[in-house]
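Pasting my_file11.cif here (mmCIF, N, CA and C atoms):
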data_upload
loop_
_atom_site.label_atom_id
_atom_site.label_comp_id
_atom_site.auth_asym_id
_atom_site.auth_seq_id
_atom_site.Cartn_x
_atom_site.Cartn_y
_atom_site.Cartn_z
N MET A 1 27.34 -0.09 -44.54
CA MET A 1 27.47 0.44 -45.88
C MET A 1 26.49 -0.31 -46.77
N SER A 2 25.80 0.40 -47.63
CA SER A 2 24.81 -0.25 -48.48
C SER A 2 25.46 -0.98 -49.64
N ASP A 3 24.70 -1.91 -50.22
CA ASP A 3 25.22 -2.67 -51.35
C ASP A 3 25.49 -1.78 -52.55
N GLU A 4 24.77 -0.65 -52.67
CA GLU A 4 24.97 0.24 -53.80
C GLU A 4 26.36 0.87 -53.81
N SER A 5 26.96 1.05 -52.63
CA SER A 5 28.26 1.69 -52.56
C SER A 5 29.41 0.71 -52.66
N MET A 6 29.12 -0.57 -52.79
CA MET A 6 30.17 -1.58 -52.90
C MET A 6 30.36 -1.98 -54.37
N SER A 7 31.60 -2.24 -54.73
CA SER A 7 31.88 -2.68 -56.09
C SER A 7 31.61 -4.18 -56.18
N GLU A 8 31.79 -4.74 -57.36
CA GLU A 8 31.53 -6.16 -57.59
C GLU A 8 32.38 -7.05 -56.70
N GLY A 9 33.58 -6.64 -56.36
CA GLY A 9 34.47 -7.44 -55.54
C GLY A 9 34.20 -7.31 -54.05
N GLY A 10 33.15 -6.55 -53.68
CA GLY A 10 32.83 -6.37 -52.28
C GLY A 10 33.69 -5.33 -51.59
N VAL A 11 34.40 -4.52 -52.37
CA VAL A 11 35.26 -3.48 -51.83
C VAL A 11 34.66 -2.13 -52.19
N ALA A 12 34.67 -1.21 -51.26
CA ALA A 12 34.12 0.12 -51.52
C ALA A 12 34.95 0.83 -52.60
N PRO A 13 34.28 1.59 -53.48
CA PRO A 13 35.02 2.36 -54.49
C PRO A 13 36.01 3.30 -53.82
N THR A 14 37.14 3.52 -54.45
CA THR A 14 38.19 4.30 -53.82
C THR A 14 38.57 5.57 -54.57
N VAL A 15 37.90 5.87 -55.67
CA VAL A 15 38.21 7.08 -56.44
C VAL A 15 36.94 7.90 -56.55
N GLU A 16 37.03 9.17 -56.19
CA GLU A 16 35.87 10.06 -56.26
C GLU A 16 36.06 11.06 -57.39
N VAL A 17 35.02 11.24 -58.19
CA VAL A 17 35.01 12.24 -59.25
C VAL A 17 33.97 13.29 -58.89
N ARG A 18 34.39 14.55 -58.88
CA ARG A 18 33.45 15.66 -58.64
C ARG A 18 33.46 16.54 -59.87
N VAL A 19 32.26 16.89 -60.34
CA VAL A 19 32.13 17.71 -61.55
C VAL A 19 31.50 19.04 -61.15
N PHE A 20 32.19 20.12 -61.50
CA PHE A 20 31.71 21.47 -61.21
C PHE A 20 31.40 22.17 -62.53
N ARG A 21 30.33 22.94 -62.54
CA ARG A 21 30.02 23.77 -63.70
C ARG A 21 29.86 25.19 -63.22
N TYR A 22 30.72 26.05 -63.68
CA TYR A 22 30.78 27.44 -63.25
C TYR A 22 30.86 27.53 -61.73
N GLY A 23 31.66 26.65 -61.13
CA GLY A 23 31.92 26.67 -59.70
C GLY A 23 30.90 25.96 -58.83
N THR A 24 29.84 25.40 -59.41
CA THR A 24 28.81 24.70 -58.65
C THR A 24 28.95 23.19 -58.87
N LEU A 25 28.96 22.44 -57.76
CA LEU A 25 29.03 20.98 -57.86
C LEU A 25 27.74 20.46 -58.50
N ILE A 26 27.88 19.78 -59.64
CA ILE A 26 26.69 19.27 -60.33
C ILE A 26 26.65 17.74 -60.38
N HIS A 27 27.77 17.10 -60.08
CA HIS A 27 27.81 15.64 -60.14
C HIS A 27 28.94 15.14 -59.25
N GLN A 28 28.67 14.04 -58.55
CA GLN A 28 29.68 13.40 -57.71
C GLN A 28 29.51 11.91 -57.87
N GLU A 29 30.62 11.20 -58.10
CA GLU A 29 30.53 9.76 -58.36
C GLU A 29 31.74 9.04 -57.79
N LEU A 30 31.50 7.87 -57.20
CA LEU A 30 32.57 7.02 -56.70
C LEU A 30 32.78 5.89 -57.70
N VAL A 31 34.04 5.65 -58.05
CA VAL A 31 34.38 4.58 -59.00
C VAL A 31 35.52 3.75 -58.42
N ASP A 32 35.82 2.64 -59.08
CA ASP A 32 36.80 1.68 -58.58
C ASP A 32 38.24 1.94 -59.03
N SER A 33 38.44 2.75 -60.07
CA SER A 33 39.80 2.90 -60.58
C SER A 33 39.98 4.26 -61.24
N GLU A 34 41.24 4.60 -61.45
CA GLU A 34 41.55 5.84 -62.17
C GLU A 34 41.07 5.78 -63.61
N GLU A 35 41.08 4.59 -64.18
CA GLU A 35 40.61 4.41 -65.56
C GLU A 35 39.11 4.74 -65.66
N GLN A 36 38.33 4.24 -64.69
CA GLN A 36 36.90 4.55 -64.68
C GLN A 36 36.67 6.04 -64.44
N ALA A 37 37.48 6.64 -63.58
CA ALA A 37 37.38 8.07 -63.32
C ALA A 37 37.64 8.86 -64.60
N ALA A 38 38.62 8.42 -65.38
CA ALA A 38 38.93 9.10 -66.64
C ALA A 38 37.75 9.03 -67.60
N LEU A 39 37.04 7.92 -67.61
CA LEU A 39 35.86 7.80 -68.47
C LEU A 39 34.76 8.77 -68.04
N VAL A 40 34.58 8.91 -66.73
CA VAL A 40 33.58 9.85 -66.23
C VAL A 40 33.96 11.27 -66.62
N VAL A 41 35.23 11.62 -66.42
CA VAL A 41 35.71 12.96 -66.76
C VAL A 41 35.53 13.21 -68.25
N ASP A 42 35.88 12.24 -69.09
CA ASP A 42 35.72 12.40 -70.54
C ASP A 42 34.27 12.65 -70.92
N GLY A 43 33.35 12.01 -70.23
CA GLY A 43 31.93 12.19 -70.51
C GLY A 43 31.43 13.59 -70.22
N TRP A 44 32.04 14.27 -69.26
CA TRP A 44 31.62 15.62 -68.90
C TRP A 44 32.44 16.70 -69.60
N ALA A 45 33.56 16.35 -70.18
CA ALA A 45 34.52 17.33 -70.72
C ALA A 45 33.97 18.18 -71.86
N GLU A 46 32.94 17.72 -72.54
CA GLU A 46 32.43 18.45 -73.70
C GLU A 46 31.56 19.65 -73.32
N LEU A 47 31.12 19.74 -72.07
CA LEU A 47 30.27 20.86 -71.65
C LEU A 47 31.12 22.08 -71.33
N ASP A 48 30.61 23.26 -71.70
CA ASP A 48 31.30 24.51 -71.39
C ASP A 48 31.25 24.78 -69.89
N GLY A 49 32.30 25.33 -69.37
CA GLY A 49 32.35 25.74 -67.97
C GLY A 49 32.49 24.61 -66.98
N VAL A 50 32.86 23.42 -67.46
CA VAL A 50 32.96 22.25 -66.58
C VAL A 50 34.41 22.06 -66.14
N GLN A 51 34.56 21.78 -64.84
CA GLN A 51 35.86 21.45 -64.28
C GLN A 51 35.67 20.21 -63.42
N CYS A 52 36.55 19.25 -63.57
CA CYS A 52 36.45 17.98 -62.83
C CYS A 52 37.62 17.86 -61.86
N GLU A 53 37.31 17.27 -60.71
CA GLU A 53 38.34 16.94 -59.73
C GLU A 53 38.25 15.45 -59.45
N VAL A 54 39.41 14.81 -59.36
CA VAL A 54 39.47 13.37 -59.09
C VAL A 54 40.37 13.18 -57.87
N ASP A 55 39.85 12.45 -56.87
CA ASP A 55 40.64 12.17 -55.66
C ASP A 55 40.67 10.67 -55.41
N ASP A 56 41.86 10.18 -55.07
CA ASP A 56 42.03 8.79 -54.66
C ASP A 56 41.77 8.75 -53.16
N LEU A 57 40.70 8.09 -52.75
CA LEU A 57 40.29 8.05 -51.35
C LEU A 57 40.88 6.88 -50.58
N SER A 58 41.60 6.02 -51.28
CA SER A 58 42.15 4.84 -50.60
C SER A 58 43.29 5.26 -49.68
N VAL A 59 43.30 4.65 -48.53
CA VAL A 59 44.39 4.88 -47.59
C VAL A 59 45.02 3.53 -47.34
N ARG A 60 46.25 3.43 -47.69
CA ARG A 60 46.95 2.16 -47.53
C ARG A 60 48.06 2.35 -46.51
N HIS A 61 47.92 1.69 -45.37
CA HIS A 61 48.95 1.76 -44.35
C HIS A 61 49.83 0.53 -44.45
N HIS A 62 51.08 0.74 -44.19
CA HIS A 62 52.05 -0.34 -44.16
C HIS A 62 52.49 -0.55 -42.71
N PRO A 63 52.97 -1.72 -42.37
CA PRO A 63 53.43 -1.95 -40.99
C PRO A 63 54.39 -0.85 -40.56
N GLY A 64 54.19 -0.37 -39.36
CA GLY A 64 55.03 0.70 -38.84
C GLY A 64 54.49 2.08 -39.09
N GLN A 65 53.48 2.24 -39.94
CA GLN A 65 52.91 3.55 -40.21
C GLN A 65 51.72 3.86 -39.31
N ILE A 66 51.14 2.86 -38.71
CA ILE A 66 49.97 3.06 -37.87
C ILE A 66 50.46 3.32 -36.45
N LEU A 67 50.00 4.42 -35.89
CA LEU A 67 50.41 4.77 -34.54
C LEU A 67 49.66 3.91 -33.54
N GLU A 68 50.38 3.37 -32.61
CA GLU A 68 49.77 2.56 -31.56
C GLU A 68 50.02 3.24 -30.23
N PRO A 69 49.06 3.13 -29.30
CA PRO A 69 49.27 3.77 -27.99
C PRO A 69 50.42 3.11 -27.26
N ASP A 70 51.13 3.91 -26.54
CA ASP A 70 52.24 3.38 -25.73
C ASP A 70 51.64 2.84 -24.44
N LEU A 71 51.54 1.54 -24.34
CA LEU A 71 50.89 0.92 -23.19
C LEU A 71 51.73 1.03 -21.92
N LEU A 72 52.99 1.35 -22.04
CA LEU A 72 53.85 1.45 -20.87
C LEU A 72 53.91 2.87 -20.30
N ALA A 73 53.37 3.83 -21.01
CA ALA A 73 53.42 5.22 -20.55
C ALA A 73 52.45 5.40 -19.39
N PRO A 74 52.88 6.12 -18.36
CA PRO A 74 51.98 6.35 -17.22
C PRO A 74 50.82 7.26 -17.64
N PRO A 75 49.66 7.11 -17.02
CA PRO A 75 48.53 7.96 -17.37
C PRO A 75 48.81 9.41 -17.02
N ASP A 76 48.20 10.30 -17.74
CA ASP A 76 48.34 11.73 -17.50
C ASP A 76 47.70 12.06 -16.16
N GLU A 77 48.48 12.64 -15.21
CA GLU A 77 47.97 12.92 -13.88
C GLU A 77 46.89 13.99 -13.88
N ASP A 78 46.90 14.88 -14.85
CA ASP A 78 45.91 15.95 -14.90
C ASP A 78 44.57 15.46 -15.43
N HIS A 79 44.55 14.30 -16.05
CA HIS A 79 43.34 13.77 -16.65
C HIS A 79 42.55 12.97 -15.62
N GLU A 80 41.29 13.36 -15.40
CA GLU A 80 40.45 12.61 -14.47
C GLU A 80 39.53 11.72 -15.25
N HIS A 81 39.23 10.55 -14.73
CA HIS A 81 38.35 9.59 -15.40
C HIS A 81 36.94 9.90 -15.13
#

With the file now loaded, output its structure as structure tokens.
Amino acid sequence: MSDESMSEGGVAPTVEVRVFRYGTLIHQELVDSEEQAALVVDGWAELDGVQCEVDDLSVRHHPGQILEPDLLAPPDEDHEH
């Protein structure tokens, strides 16, 4: 990952803002927080025909939510190596 895509804390931005004008994507930006995303949206809101979408891209897993392979299960007999 390039240095440009990393925030000051060394963590990749986790909120994506997409700006559409009359259905065409005209701007896409990654930011570090919902507050920063709101500033980006506010900056584009004055244009006619603009619609913004904001997605939180962070995935936070907690213990027990990550699936682990069952190491004790016998291999599938139909599967050849």

- Message: Under the rule that only N, CA and C atoms are counted, which of A:Glu46, A:Leu30, A:Gln51, A:Gln36 is the nearest residue to A:Thr14?
- Response: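 Using only N, CA and C atoms, the shortest distance to A:Thr14 belongs to A:Leu30.
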
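Checking A:Asp42, A:Asp55, A:Asp48, A:Asp32 one by one against A:Pro13, counting only N, CA and C atoms, you find the shortest gap at A:Asp32.
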
- Identify, on the basis of only C-alpha atoms, every residue whose closest approach to A:Asp56 does not exceed 9 Å; exclude the query and any residue fewer than 3 positions from it along the same chain; express the result as a VMD selection string. chain A and resid 14 to 16 33 to 34 59

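Taking atom CA of A:Val19 and atom CA of A:Glu53 as endpoints, the distance between them is 6.5 Å.
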
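The neighbours of A:Leu47 here are the residues that come within 12 Å of it, using only C-alpha atoms and leaving out any residue fewer than 4 positions away in the same chain; they are A:Val19, A:Phe20, A:Arg21, A:Tyr22, A:Ile26, A:Val41, A:Asp42, A:Gly43, A:Gln51, A:Cys52.
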
- Grab the atom CA of A:Glu29 to atom CA of A:Val17 distance for me, in Å with one decimal place.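 Straight-line distance from atom CA of A:Glu29 to atom CA of A:Val17 works out to 5.2 Å.
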
- Task: Could you jot down the atom CA of A:Leu25 to atom C of A:Leu57 separation for me, Å, one decimal place?
- Result: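 Separation between atom CA of A:Leu25 and atom C of A:Leu57: 19.8 Å.
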